[in-house]
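Listing of protein.cif, mmCIF, C-alpha atoms and all ligand atoms
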```cif
data_protein
#
loop_
_atom_site.group_PDB
_atom_site.id
_atom_site.type_symbol
_atom_site.label_atom_id
_atom_site.label_comp_id
_atom_site.auth_asym_id
_atom_site.auth_seq_id
_atom_site.Cartn_x
_atom_site.Cartn_y
_atom_site.Cartn_z
ATOM 1 C CA MET H 1 0.000 0.000 0.000
ATOM 2 C CA VAL H 2 1.403 3.387 -1.014
ATOM 3 C CA THR H 3 2.221 5.829 1.789
ATOM 4 C CA ARG H 4 3.463 9.401 1.652
ATOM 5 C CA LEU H 5 6.976 8.157 2.437
ATOM 6 C CA ASP H 6 7.021 6.448 -0.966
ATOM 7 C CA LEU H 7 6.372 9.827 -2.609
ATOM 8 C CA ASP H 8 9.004 11.769 -0.723
ATOM 9 C CA GLY H 9 11.143 13.954 -2.990
ATOM 10 C CA THR H 10 8.775 13.710 -5.967
ATOM 11 C CA TYR H 11 7.178 16.984 -7.003
ATOM 12 C CA SER H 12 5.746 16.485 -10.468
ATOM 13 C CA PRO H 13 2.290 15.081 -11.330
ATOM 14 C CA ILE H 14 3.703 12.381 -13.610
ATOM 15 C CA GLY H 15 6.392 11.456 -11.052
ATOM 16 C CA LEU H 16 3.833 11.156 -8.263
ATOM 17 C CA VAL H 17 1.469 9.060 -10.338
ATOM 18 C CA GLY H 18 4.358 6.828 -11.461
ATOM 19 C CA LYS H 19 5.329 6.156 -7.852
ATOM 20 C CA ILE H 20 1.752 5.545 -6.748
ATOM 21 C CA LEU H 21 1.213 3.054 -9.574
ATOM 22 C CA LYS H 22 4.492 1.320 -8.760
ATOM 23 C CA ALA H 23 3.536 0.941 -5.099
ATOM 24 C CA GLU H 24 -0.008 -0.126 -6.029
ATOM 25 C CA PRO H 25 0.424 -2.493 -8.981
ATOM 26 C CA ASN H 26 -3.052 -3.904 -8.470
ATOM 27 C CA LEU H 27 -4.838 -0.579 -8.197
ATOM 28 C CA LYS H 28 -8.496 -1.140 -9.102
ATOM 29 C CA ILE H 29 -10.181 0.577 -12.045
ATOM 30 C CA PRO H 30 -12.129 2.823 -11.541
ATOM 31 C CA VAL H 31 -9.417 4.062 -9.181
ATOM 32 C CA PRO H 32 -10.816 4.312 -5.611
ATOM 33 C CA ILE H 33 -9.691 7.923 -5.328
ATOM 34 C CA GLU H 34 -11.287 8.603 -1.927
ATOM 35 C CA ASP H 35 -9.566 5.612 -0.307
ATOM 36 C CA LEU H 36 -6.299 6.581 -1.950
ATOM 37 C CA ALA H 37 -6.559 10.135 -0.586
ATOM 38 C CA LEU H 38 -7.268 8.834 2.924
ATOM 39 C CA GLN H 39 -4.315 6.464 2.614
ATOM 40 C CA LEU H 40 -2.102 9.462 1.734
ATOM 41 C CA ASP H 41 -2.867 11.388 4.948
ATOM 42 C CA ILE H 42 -6.058 13.159 3.943
ATOM 43 C CA ALA H 43 -8.009 12.994 7.195
ATOM 44 C CA GLU H 44 -11.441 13.729 5.778
ATOM 45 C CA ILE H 45 -13.401 14.697 2.681
ATOM 46 C CA LYS H 46 -16.178 17.169 3.421
ATOM 47 C CA THR H 47 -18.658 19.392 1.646
ATOM 48 C CA LEU H 48 -17.445 22.801 0.539
ATOM 49 C CA THR H 49 -19.831 25.588 1.471
ATOM 50 C CA THR H 50 -17.949 28.593 0.028
ATOM 51 C CA GLU H 51 -19.900 29.811 -3.021
ATOM 52 C CA GLY H 52 -18.223 29.936 -6.402
ATOM 53 C CA PHE H 53 -15.640 27.202 -5.872
ATOM 54 C CA GLU H 54 -15.354 23.580 -6.984
ATOM 55 C CA GLY H 55 -12.998 22.335 -4.321
ATOM 56 C CA GLY H 56 -10.686 23.207 -1.503
ATOM 57 C CA LEU H 57 -7.896 21.904 0.649
ATOM 58 C CA VAL H 58 -7.289 22.747 4.276
ATOM 59 C CA THR H 59 -3.830 21.938 5.560
ATOM 60 C CA ASP H 60 -1.014 23.225 7.740
ATOM 61 C CA GLU H 61 2.415 24.583 6.903
ATOM 62 C CA THR H 62 4.137 21.211 7.312
ATOM 63 C CA ARG H 63 1.421 19.261 5.475
ATOM 64 C CA SER H 64 1.157 16.782 8.325
ATOM 65 C CA VAL H 65 -2.489 16.223 7.515
ATOM 66 C CA GLY H 66 -5.076 17.606 5.082
ATOM 67 C CA GLY H 67 -8.802 17.939 4.609
ATOM 68 C CA ILE H 68 -10.405 18.005 1.149
ATOM 69 C CA LEU H 69 -13.551 19.987 0.447
ATOM 70 C CA VAL H 70 -15.810 19.267 -2.539
ATOM 71 C CA LYS H 71 -18.697 21.377 -3.777
ATOM 72 C CA ALA H 72 -22.093 19.882 -2.915
ATOM 73 C CA GLY H 73 -24.363 18.471 -5.593
ATOM 74 C CA VAL H 74 -21.785 17.824 -8.324
ATOM 75 C CA SER H 75 -21.737 14.599 -10.343
ATOM 76 C CA ARG H 76 -19.769 11.658 -9.000
ATOM 77 C CA GLN H 77 -17.218 12.057 -11.786
ATOM 78 C CA ARG H 78 -16.658 15.721 -11.048
ATOM 79 C CA ARG H 79 -16.297 14.922 -7.360
ATOM 80 C CA ARG H 80 -13.668 12.269 -8.178
ATOM 81 C CA PHE H 81 -11.732 14.729 -10.330
ATOM 82 C CA THR H 82 -11.837 17.434 -7.635
ATOM 83 C CA ILE H 83 -10.534 14.999 -5.010
ATOM 84 C CA GLY H 84 -7.639 14.070 -7.321
ATOM 85 C CA HIS H 85 -6.950 17.762 -7.948
ATOM 86 C CA GLU H 86 -6.892 18.708 -4.244
ATOM 87 C CA LEU H 87 -4.824 15.635 -3.380
ATOM 88 C CA CYS H 88 -2.161 16.937 -5.764
ATOM 89 C CA HIS H 89 -2.063 20.322 -3.996
ATOM 90 C CA PHE H 90 -1.556 18.400 -0.759
ATOM 91 C CA LEU H 91 1.225 16.162 -2.124
ATOM 92 C CA ILE H 92 3.302 18.880 -3.822
ATOM 93 C CA PRO H 93 4.880 21.039 -1.090
ATOM 94 C CA PHE H 94 5.592 23.865 -3.573
ATOM 95 C CA HIS H 95 1.871 24.325 -4.021
ATOM 96 C CA LYS H 96 1.116 27.210 -1.715
ATOM 97 C CA PRO H 97 -2.306 28.816 -1.387
ATOM 98 C CA PRO H 98 -2.546 32.622 -1.525
ATOM 99 C CA LYS H 99 -4.122 32.533 1.929
ATOM 100 C CA THR H 100 -2.187 30.442 4.460
ATOM 101 C CA GLY H 101 -3.606 27.013 5.028
ATOM 102 C CA GLN H 102 -6.443 26.970 2.527
ATOM 103 C CA PHE H 103 -6.678 26.344 -1.178
ATOM 104 C CA LEU H 104 -9.882 27.268 -2.959
ATOM 105 C CA CYS H 105 -10.141 26.166 -6.571
ATOM 106 C CA ASP H 106 -12.716 27.497 -9.012
ATOM 107 C CA ARG H 107 -14.072 26.225 -12.333
ATOM 108 C CA ALA H 108 -11.593 28.275 -14.372
ATOM 109 C CA GLY H 109 -8.708 26.727 -12.441
ATOM 110 C CA MET H 110 -10.122 23.276 -13.095
ATOM 111 C CA ARG H 111 -9.760 24.025 -16.827
ATOM 112 C CA SER H 112 -6.180 25.207 -16.625
ATOM 113 C CA TRP H 113 -3.861 22.829 -18.488
ATOM 114 C CA ASP H 114 -0.702 24.859 -19.127
ATOM 115 C CA VAL H 115 1.835 23.326 -16.743
ATOM 116 C CA LYS H 116 4.485 25.652 -18.194
ATOM 117 C CA SER H 117 2.519 28.805 -17.325
ATOM 118 C CA LYS H 118 4.561 31.676 -15.920
ATOM 119 C CA ASN H 119 1.626 32.497 -13.661
ATOM 120 C CA SER H 120 2.270 30.379 -10.545
ATOM 121 C CA SER H 121 -1.387 30.009 -9.662
ATOM 122 C CA LYS H 122 -2.286 28.814 -13.184
ATOM 123 C CA LYS H 123 0.695 26.461 -13.130
ATOM 124 C CA MET H 124 -0.383 24.939 -9.798
ATOM 125 C CA GLU H 125 -3.920 24.491 -11.078
ATOM 126 C CA ALA H 126 -2.655 22.897 -14.302
ATOM 127 C CA GLU H 127 -0.421 20.507 -12.347
ATOM 128 C CA ALA H 128 -3.293 19.533 -10.071
ATOM 129 C CA ASN H 129 -5.497 18.844 -13.109
ATOM 130 C CA ARG H 130 -2.767 16.840 -14.753
ATOM 131 C CA PHE H 131 -2.346 14.735 -11.617
ATOM 132 C CA ALA H 132 -6.112 14.143 -11.350
ATOM 133 C CA SER H 133 -6.294 13.089 -14.996
ATOM 134 C CA LEU H 134 -3.286 10.756 -14.746
ATOM 135 C CA ILE H 135 -4.304 9.079 -11.494
ATOM 136 C CA LEU H 136 -7.929 8.551 -12.572
ATOM 137 C CA MET H 137 -6.907 7.293 -16.029
ATOM 138 C CA PRO H 138 -3.550 5.571 -15.424
ATOM 139 C CA PRO H 139 -1.582 5.874 -18.701
ATOM 140 C CA PRO H 140 -0.822 2.137 -19.121
ATOM 141 C CA GLN H 141 -4.513 1.188 -18.892
ATOM 142 C CA LEU H 142 -5.651 4.169 -20.968
ATOM 143 C CA ARG H 143 -3.156 3.411 -23.751
ATOM 144 C CA GLN H 144 -4.194 -0.213 -23.793
ATOM 145 C CA LEU H 145 -7.835 0.759 -24.247
ATOM 146 C CA ILE H 146 -7.059 3.275 -27.035
ATOM 147 C CA ASP H 147 -4.551 1.052 -28.851
ATOM 148 C CA ALA H 148 -7.076 -1.769 -29.073
ATOM 149 C CA LYS H 149 -9.253 0.384 -31.380
ATOM 150 C CA ARG H 150 -8.746 0.600 -35.095
ATOM 151 C CA TYR H 151 -10.074 4.113 -35.457
ATOM 152 C CA ALA H 152 -10.481 7.147 -33.231
ATOM 153 C CA SER H 153 -14.171 7.463 -32.391
ATOM 154 C CA LEU H 154 -16.336 9.266 -29.856
ATOM 155 C CA THR H 155 -17.681 5.839 -28.921
ATOM 156 C CA THR H 156 -14.294 5.215 -27.287
ATOM 157 C CA VAL H 157 -14.641 8.487 -25.336
ATOM 158 C CA LEU H 158 -17.873 7.094 -23.846
ATOM 159 C CA GLU H 159 -16.083 3.849 -23.061
ATOM 160 C CA ILE H 160 -13.282 5.737 -21.253
ATOM 161 C CA HIS H 161 -15.888 7.786 -19.356
ATOM 162 C CA GLN H 162 -17.555 4.612 -18.091
ATOM 163 C CA HIS H 163 -14.482 2.444 -17.574
ATOM 164 C CA PHE H 164 -12.520 5.003 -15.538
ATOM 165 C CA ASP H 165 -15.576 6.782 -14.015
ATOM 166 C CA VAL H 166 -14.499 10.236 -15.213
ATOM 167 C CA SER H 167 -16.571 12.965 -16.879
ATOM 168 C CA LYS H 168 -17.050 12.758 -20.645
ATOM 169 C CA GLU H 169 -14.991 15.897 -21.077
ATOM 170 C CA ALA H 170 -12.085 14.570 -18.985
ATOM 171 C CA ALA H 171 -12.287 11.381 -21.045
ATOM 172 C CA ALA H 172 -12.272 13.375 -24.307
ATOM 173 C CA ARG H 173 -9.231 15.406 -23.302
ATOM 174 C CA ALA H 174 -7.172 12.354 -22.341
ATOM 175 C CA PHE H 175 -8.383 10.448 -25.415
ATOM 176 C CA VAL H 176 -7.174 13.206 -27.742
ATOM 177 C CA GLU H 177 -3.830 13.501 -25.991
ATOM 178 C CA TYR H 178 -2.993 9.793 -26.187
ATOM 179 C CA ASN H 179 -4.440 9.152 -29.626
ATOM 180 C CA PRO H 180 -1.952 8.331 -32.390
ATOM 181 C CA GLU H 181 -4.336 9.734 -35.016
ATOM 182 C CA THR H 182 -4.523 13.447 -35.852
ATOM 183 C CA ILE H 183 -7.672 14.441 -34.011
ATOM 184 C CA ALA H 184 -9.424 17.193 -32.086
ATOM 185 C CA ILE H 185 -12.605 17.193 -30.040
ATOM 186 C CA ILE H 186 -14.699 20.345 -29.977
ATOM 187 C CA ILE H 187 -17.085 20.987 -27.099
ATOM 188 C CA ALA H 188 -20.146 22.844 -28.398
ATOM 189 C CA ARG H 189 -23.237 24.178 -26.668
ATOM 190 C CA ASP H 190 -26.435 25.296 -28.374
ATOM 191 C CA GLY H 191 -24.657 25.210 -31.722
ATOM 192 C CA LYS H 192 -21.769 27.393 -30.588
ATOM 193 C CA PHE H 193 -18.086 26.657 -30.032
ATOM 194 C CA VAL H 194 -17.124 26.452 -26.339
ATOM 195 C CA ARG H 195 -13.585 24.997 -26.355
ATOM 196 C CA ALA H 196 -11.535 22.289 -28.015
ATOM 197 C CA TYR H 197 -8.898 19.711 -27.208
ATOM 198 C CA LYS H 198 -6.477 18.795 -29.977
ATOM 199 C CA ASN H 199 -3.289 16.810 -30.220
ATOM 200 C CA ILE H 200 -0.118 18.540 -31.382
ATOM 201 C CA GLN H 201 -0.250 17.173 -34.932
ATOM 202 C CA PHE H 202 -3.717 18.637 -35.446
ATOM 203 C CA PRO H 203 -3.788 22.020 -37.245
ATOM 204 C CA TRP H 204 -4.828 25.295 -35.628
ATOM 205 C CA ILE H 205 -8.598 25.528 -35.017
ATOM 206 C CA ILE H 206 -9.954 28.873 -36.241
ATOM 207 C CA LEU H 207 -13.106 28.925 -34.089
ATOM 208 C CA ASN H 208 -13.268 30.994 -30.905
ATOM 209 C CA THR H 209 -15.549 30.731 -27.882
ATOM 210 C CA GLY H 210 -19.073 31.791 -28.864
ATOM 211 C CA ASP H 211 -18.548 31.345 -32.618
ATOM 212 C CA PRO H 212 -21.314 29.386 -34.353
ATOM 213 C CA ILE H 213 -20.361 25.863 -35.395
ATOM 214 C CA PRO H 214 -19.992 25.985 -39.216
ATOM 215 C CA ALA H 215 -23.280 25.553 -41.102
ATOM 216 C CA ILE H 216 -21.833 22.595 -43.040
ATOM 217 C CA SER H 217 -21.463 20.591 -39.808
ATOM 218 C CA LEU H 218 -23.466 17.450 -39.220
ATOM 219 C CA LEU H 219 -24.214 18.887 -35.766
ATOM 220 C CA HIS H 220 -27.065 20.920 -37.213
ATOM 221 C CA SER H 221 -28.918 17.908 -38.625
ATOM 222 C CA TYR H 222 -27.952 15.016 -36.349
ATOM 223 C CA ARG H 223 -30.673 14.057 -33.853
ATOM 224 C CA ASP H 224 -29.781 10.678 -32.316
ATOM 225 C CA ARG H 225 -29.023 11.395 -28.687
ATOM 226 C CA GLY H 226 -28.200 7.787 -27.844
ATOM 227 C CA HIS H 227 -25.294 7.131 -30.196
ATOM 228 C CA ALA H 228 -22.334 8.839 -31.786
ATOM 229 C CA SER H 229 -22.905 9.588 -35.474
ATOM 230 C CA ASP H 230 -21.005 7.884 -38.262
ATOM 231 C CA SER H 231 -17.888 9.650 -39.470
ATOM 232 C CA ASP H 232 -18.623 11.910 -42.400
ATOM 233 C CA SER H 233 -16.304 13.958 -44.569
ATOM 234 C CA THR H 234 -16.283 17.692 -43.957
ATOM 235 C CA ASP H 235 -14.548 20.666 -45.501
ATOM 236 C CA SER H 236 -11.444 21.439 -43.445
ATOM 237 C CA GLU H 237 -11.316 25.124 -44.387
ATOM 238 C CA TYR H 238 -14.341 25.842 -42.170
ATOM 239 C CA TRP H 239 -12.572 24.404 -39.140
ATOM 240 C CA VAL H 240 -8.823 24.849 -39.314
ATOM 241 C CA ASP H 241 -6.162 27.148 -40.644
ATOM 242 C CA THR H 242 -5.328 25.559 -43.969
ATOM 243 C CA TYR H 243 -3.049 28.351 -45.069
ATOM 244 C CA GLY H 244 -0.651 29.027 -42.216
ATOM 245 C CA GLY H 245 0.047 25.430 -41.360
ATOM 246 C CA ARG H 246 0.317 22.364 -43.475
ATOM 247 C CA GLN H 247 -2.284 21.446 -46.023
ATOM 248 C CA VAL H 248 -5.113 19.237 -44.870
ATOM 249 C CA SER H 249 -6.004 16.630 -47.453
ATOM 250 C CA ALA H 250 -9.184 15.222 -45.966
ATOM 251 C CA MET H 251 -11.132 15.776 -42.788
ATOM 252 C CA TYR H 252 -13.879 13.776 -41.127
ATOM 253 C CA GLU H 253 -16.291 14.800 -38.421
ATOM 254 C CA GLN H 254 -18.321 12.785 -35.944
ATOM 255 C CA ILE H 255 -21.010 14.031 -33.560
ATOM 256 C CA LEU H 256 -22.060 13.003 -30.069
ATOM 257 C CA LEU H 257 -25.065 14.796 -28.581
ATOM 258 C CA GLN H 258 -25.145 15.264 -24.811
ATOM 259 C CA SER H 259 -27.616 16.768 -22.356
ATOM 260 C CA ASN H 260 -28.333 20.486 -21.794
ATOM 261 C CA GLY H 261 -27.523 21.449 -25.373
ATOM 262 C CA PHE H 262 -23.937 20.181 -25.181
ATOM 263 C CA ALA H 263 -22.322 18.181 -27.957
ATOM 264 C CA MET H 264 -18.924 16.832 -28.874
ATOM 265 C CA ILE H 265 -17.538 17.010 -32.396
ATOM 266 C CA GLN H 266 -14.566 14.864 -33.268
ATOM 267 C CA LEU H 267 -12.495 16.140 -36.181
ATOM 268 C CA LYS H 268 -9.983 13.821 -37.780
ATOM 269 C CA VAL H 269 -7.365 14.613 -40.398
ATOM 270 C CA LEU H 270 -6.408 11.781 -42.715
ATOM 271 C CA GLN H 271 -2.961 11.487 -44.213
ATOM 272 C CA PRO H 272 -2.942 11.828 -48.032
ATOM 273 C CA ASP H 273 -2.376 8.128 -48.723
ATOM 274 C CA GLU H 274 -5.030 7.016 -46.243
ATOM 275 C CA ASP H 275 -7.472 9.245 -48.018
ATOM 276 C CA MET H 276 -7.389 7.393 -51.336
ATOM 277 C CA TYR H 277 -6.976 3.792 -50.366
ATOM 278 C CA ASP H 278 -6.646 2.347 -46.910
ATOM 279 C CA ALA H 279 -3.974 -0.310 -47.243
ATOM 280 C CA ASP H 280 -3.639 -0.477 -43.469
ATOM 281 C CA ALA H 281 -7.252 -1.314 -42.717
ATOM 282 C CA ASP H 282 -6.332 -4.364 -40.662
ATOM 283 C CA LEU H 283 -3.795 -2.593 -38.481
ATOM 284 C CA THR H 284 -4.532 -1.390 -34.962
ATOM 285 C CA ALA H 285 -4.173 2.313 -34.144
ATOM 286 C CA LYS H 286 -0.792 1.603 -32.572
ATOM 287 C CA GLN H 287 0.515 -0.226 -35.654
ATOM 288 C CA ARG H 288 -0.712 2.607 -37.867
ATOM 289 C CA TYR H 289 1.060 5.103 -35.690
ATOM 290 C CA GLN H 290 4.316 3.145 -35.807
ATOM 291 C CA LYS H 291 4.009 2.838 -39.558
ATOM 292 C CA SER H 292 3.421 6.563 -39.988
ATOM 293 C CA GLN H 293 6.396 7.292 -37.745
ATOM 294 C CA ALA H 294 8.560 4.969 -39.794
ATOM 295 C CA ARG H 295 7.484 6.840 -42.901
ATOM 296 C CA TRP H 296 8.805 10.096 -41.466
ATOM 297 C CA ARG H 297 12.094 8.540 -40.491
ATOM 298 C CA ARG H 298 12.892 7.376 -44.018
HETATM 299 ZN ZN ZN H 301 -6.546 23.870 -7.344
#
```
Could the structure of this file be written out as structure tokens, please?
Ligand SMILES: [Zn+2]
Amino acid sequence: MVTRLDLDGTYSPIGLVGKILKAEPNLKIPVPIEDLALQLDIAEIKTLTTEGFEGGLVTDETRSVGGILVKAGVSRQRRRFTIGHELCHFLIPFHKPPKTGQFLCDRAGMRSWDVKSKNSSKKMEAEANRFASLILMPPPQLRQLIDAKRYASLTTVLEIHQHFDVSKEAAARAFVEYNPETIAIIIARDGKFVRAYKNIQFPWIILNTGDPIPAISLLHSYRDRGHASDSDSTDSEYWVDTYGGRQVSAMYEQILLQSNGFAMIQLKVLQPDEDMYDADADLTAKQRYQKSQARWRR
């Protein structure tokens, strides 16, 4: 069983998660995050009553013990993510709250992902999010699930959401990051762009928050709330910068409708030779990735 002694001297999210996984080789999935927090010297997990915040951490200067606070009434998945986030603040001694002894984390902080930010508060929030994502979706198990699929699909995002007991958005973000294909997932609400997650190969997305989703999108005609749509070709110039970056030969979109007017749109860029004839149809995503890498090394 992992203890805080095992984590001594480790100050990065990935380092901490690596050590936890090493000490807990049989960690259950979904990860029992509350038990894990209690095991790592969190004394209690209580309801947060301060308005406007998602979570909090009460601790002392020496971090001998901590108490995690979670906003009342949130979904189980959001609660799990917040506990992971606050646990990270507790485990990294460099994470210091503006007010002595108490962290309060809001929704904006929970969406901060730039671990290289010069702003120390944004950086701490990004690290805490990174830790929460990594511990709830341990990379070895997440990769295994993604690599077993032949194609990137929003159906897999739903599978990750259920398998790891994380929110659909947390699942989408991790799915995009680990996917060997060139993909992005746009979060839309009421037909408008909210935000997007893309992997580094994917070109620059030209939509900004509040922009209408392009009229050509399947989003405007798709009605099946229960299932992700089929993949359909779309015109890349409505979505990405096709001039500044590299040319996009073919793009496909897929839609997943959610509740409260939310939807996810997966955009996928195909490589030129995949576009015409798919000679690699029987390969797994991992094999395709290795093959495409080999092509660049030639
Ligand atoms: Zn925080």
How close does chain H get to ligand ZN 301 (chain H)? List, as a tab-separated table, each residue of chain H within 12 Å, its nearest atom pair and the distance in Å to one decimal, counting only C-alpha atoms and all ligand atoms.
```
residue	atom	partner	partner_atom	distance
H:Phe53	CA	H:ZN301	ZN	9.8
H:Glu54	CA	H:ZN301	ZN	8.8
H:Gly55	CA	H:ZN301	ZN	7.3
H:Gly56	CA	H:ZN301	ZN	7.2
H:Leu57	CA	H:ZN301	ZN	8.3
H:Val58	CA	H:ZN301	ZN	11.7
H:Ile68	CA	H:ZN301	ZN	11.0
H:Leu69	CA	H:ZN301	ZN	11.2
H:Val70	CA	H:ZN301	ZN	11.4
H:Phe81	CA	H:ZN301	ZN	10.9
H:Thr82	CA	H:ZN301	ZN	8.3
H:Ile83	CA	H:ZN301	ZN	10.0
H:Gly84	CA	H:ZN301	ZN	9.9
H:His85	CA	H:ZN301	ZN	6.2
H:Glu86	CA	H:ZN301	ZN	6.0
H:Leu87	CA	H:ZN301	ZN	9.3
H:Cys88	CA	H:ZN301	ZN	8.4
H:His89	CA	H:ZN301	ZN	6.6
H:Phe90	CA	H:ZN301	ZN	9.9
H:Ile92	CA	H:ZN301	ZN	11.6
H:His95	CA	H:ZN301	ZN	9.1
H:Lys96	CA	H:ZN301	ZN	10.1
H:Pro97	CA	H:ZN301	ZN	8.8
H:Pro98	CA	H:ZN301	ZN	11.2
H:Gln102	CA	H:ZN301	ZN	10.3
H:Phe103	CA	H:ZN301	ZN	6.6
H:Leu104	CA	H:ZN301	ZN	6.5
H:Cys105	CA	H:ZN301	ZN	4.3
H:Asp106	CA	H:ZN301	ZN	7.3
H:Arg107	CA	H:ZN301	ZN	9.3
H:Ala108	CA	H:ZN301	ZN	9.7
H:Gly109	CA	H:ZN301	ZN	6.2
H:Met110	CA	H:ZN301	ZN	6.8
H:Arg111	CA	H:ZN301	ZN	10.0
H:Ser112	CA	H:ZN301	ZN	9.4
H:Trp113	CA	H:ZN301	ZN	11.5
H:Ser120	CA	H:ZN301	ZN	11.4
H:Ser121	CA	H:ZN301	ZN	8.3
H:Lys122	CA	H:ZN301	ZN	8.8
H:Lys123	CA	H:ZN301	ZN	9.6
H:Met124	CA	H:ZN301	ZN	6.7
H:Glu125	CA	H:ZN301	ZN	4.6
H:Ala126	CA	H:ZN301	ZN	8.0
H:Glu127	CA	H:ZN301	ZN	8.6
H:Ala128	CA	H:ZN301	ZN	6.1
H:Asn129	CA	H:ZN301	ZN	7.7
H:Arg130	CA	H:ZN301	ZN	10.9
H:Phe131	CA	H:ZN301	ZN	10.9
H:Ala132	CA	H:ZN301	ZN	10.5
```
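Atom CA of Ala171 of chain H is positioned 12.8 Å from atom CA of Ala184 of chain H.
Here atom CA of Tyr178 of chain H and atom CA of Asp190 of chain H stand 28.2 Å from one another.
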Report the residues retrieved by the PyMOL selection byres (((chain H and resi 183) around 8) and not hetatm) from the displayed file, expressed as a PDB file with C-alpha atoms, in the frame of the given file.
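Final file, result-v9.pdb:
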```pdb
ATOM      1  CA  ALA H 152     -10.481   7.147 -33.231  1.00  0.00           C
ATOM      2  CA  VAL H 176      -7.174  13.206 -27.742  1.00  0.00           C
ATOM      3  CA  ASN H 179      -4.440   9.152 -29.626  1.00  0.00           C
ATOM      4  CA  GLU H 181      -4.336   9.734 -35.016  1.00  0.00           C
ATOM      5  CA  THR H 182      -4.523  13.447 -35.852  1.00  0.00           C
ATOM      6  CA  ALA H 184      -9.424  17.193 -32.086  1.00  0.00           C
ATOM      7  CA  ILE H 185     -12.605  17.193 -30.040  1.00  0.00           C
ATOM      8  CA  LYS H 198      -6.477  18.795 -29.977  1.00  0.00           C
ATOM      9  CA  ASN H 199      -3.289  16.810 -30.220  1.00  0.00           C
ATOM     10  CA  GLN H 201      -0.250  17.173 -34.932  1.00  0.00           C
ATOM     11  CA  PHE H 202      -3.717  18.637 -35.446  1.00  0.00           C
ATOM     12  CA  GLN H 266     -14.566  14.864 -33.268  1.00  0.00           C
ATOM     13  CA  LEU H 267     -12.495  16.140 -36.181  1.00  0.00           C
ATOM     14  CA  LYS H 268      -9.983  13.821 -37.780  1.00  0.00           C
ATOM     15  CA  VAL H 269      -7.365  14.613 -40.398  1.00  0.00           C
TER      16      VAL H 269
END
```
Spatial neighbours of Trp204 of chain H, 8 Å, only C-alpha atoms, chain gap at least 2 places, as a PyMOL selection string: chain H and resi 202+206+240-241+245
Atomic distance atom CA of Thr62 of chain H - atom CA of Thr3 of chain H, expressed in Å with one decimal: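 Separation between atom CA of Thr62 of chain H and atom CA of Thr3 of chain H: 16.5 Å.
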Explicit residue set for the PyMOL selection byres (((chain H and resi 191-197) around 8) and not hetatm), as a list in words: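 Selected by the PyMOL selection byres (((chain H and resi 191-197) around 8) and not hetatm) in this file: Ala172, Arg173, Val176, Ala184, Ile185, Ile186, Ile187, Ala188, Arg189, Asp190, Lys198, Asn199, Leu207, Asn208, Thr209, Gly210, Asp211, Pro212, Ile213, Leu219, His220 and Gly261 of chain H.
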Minimum-distance residue to Lys22 of chain H, chosen among H:Ser217, H:Thr49, H:Asp6, H:Ser167 (using only C-alpha atoms):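 The closest residue to Lys22 of chain H is H:Asp6.
Shortest separation to Ala72 of chain H among H:Glu24, H:Asp230, H:Glu177, H:Glu51 occurs at residue H:Glu51, atoms counted being all atoms listed in the file.
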All residues 8 Å or closer to Leu16 of chain H, all atoms listed in the file, same chain fewer than 4 positions away omitted, as a list of chain:residue names: H:Leu7, H:Thr10, H:Tyr11, H:Ser12, H:Ile20, H:Phe131
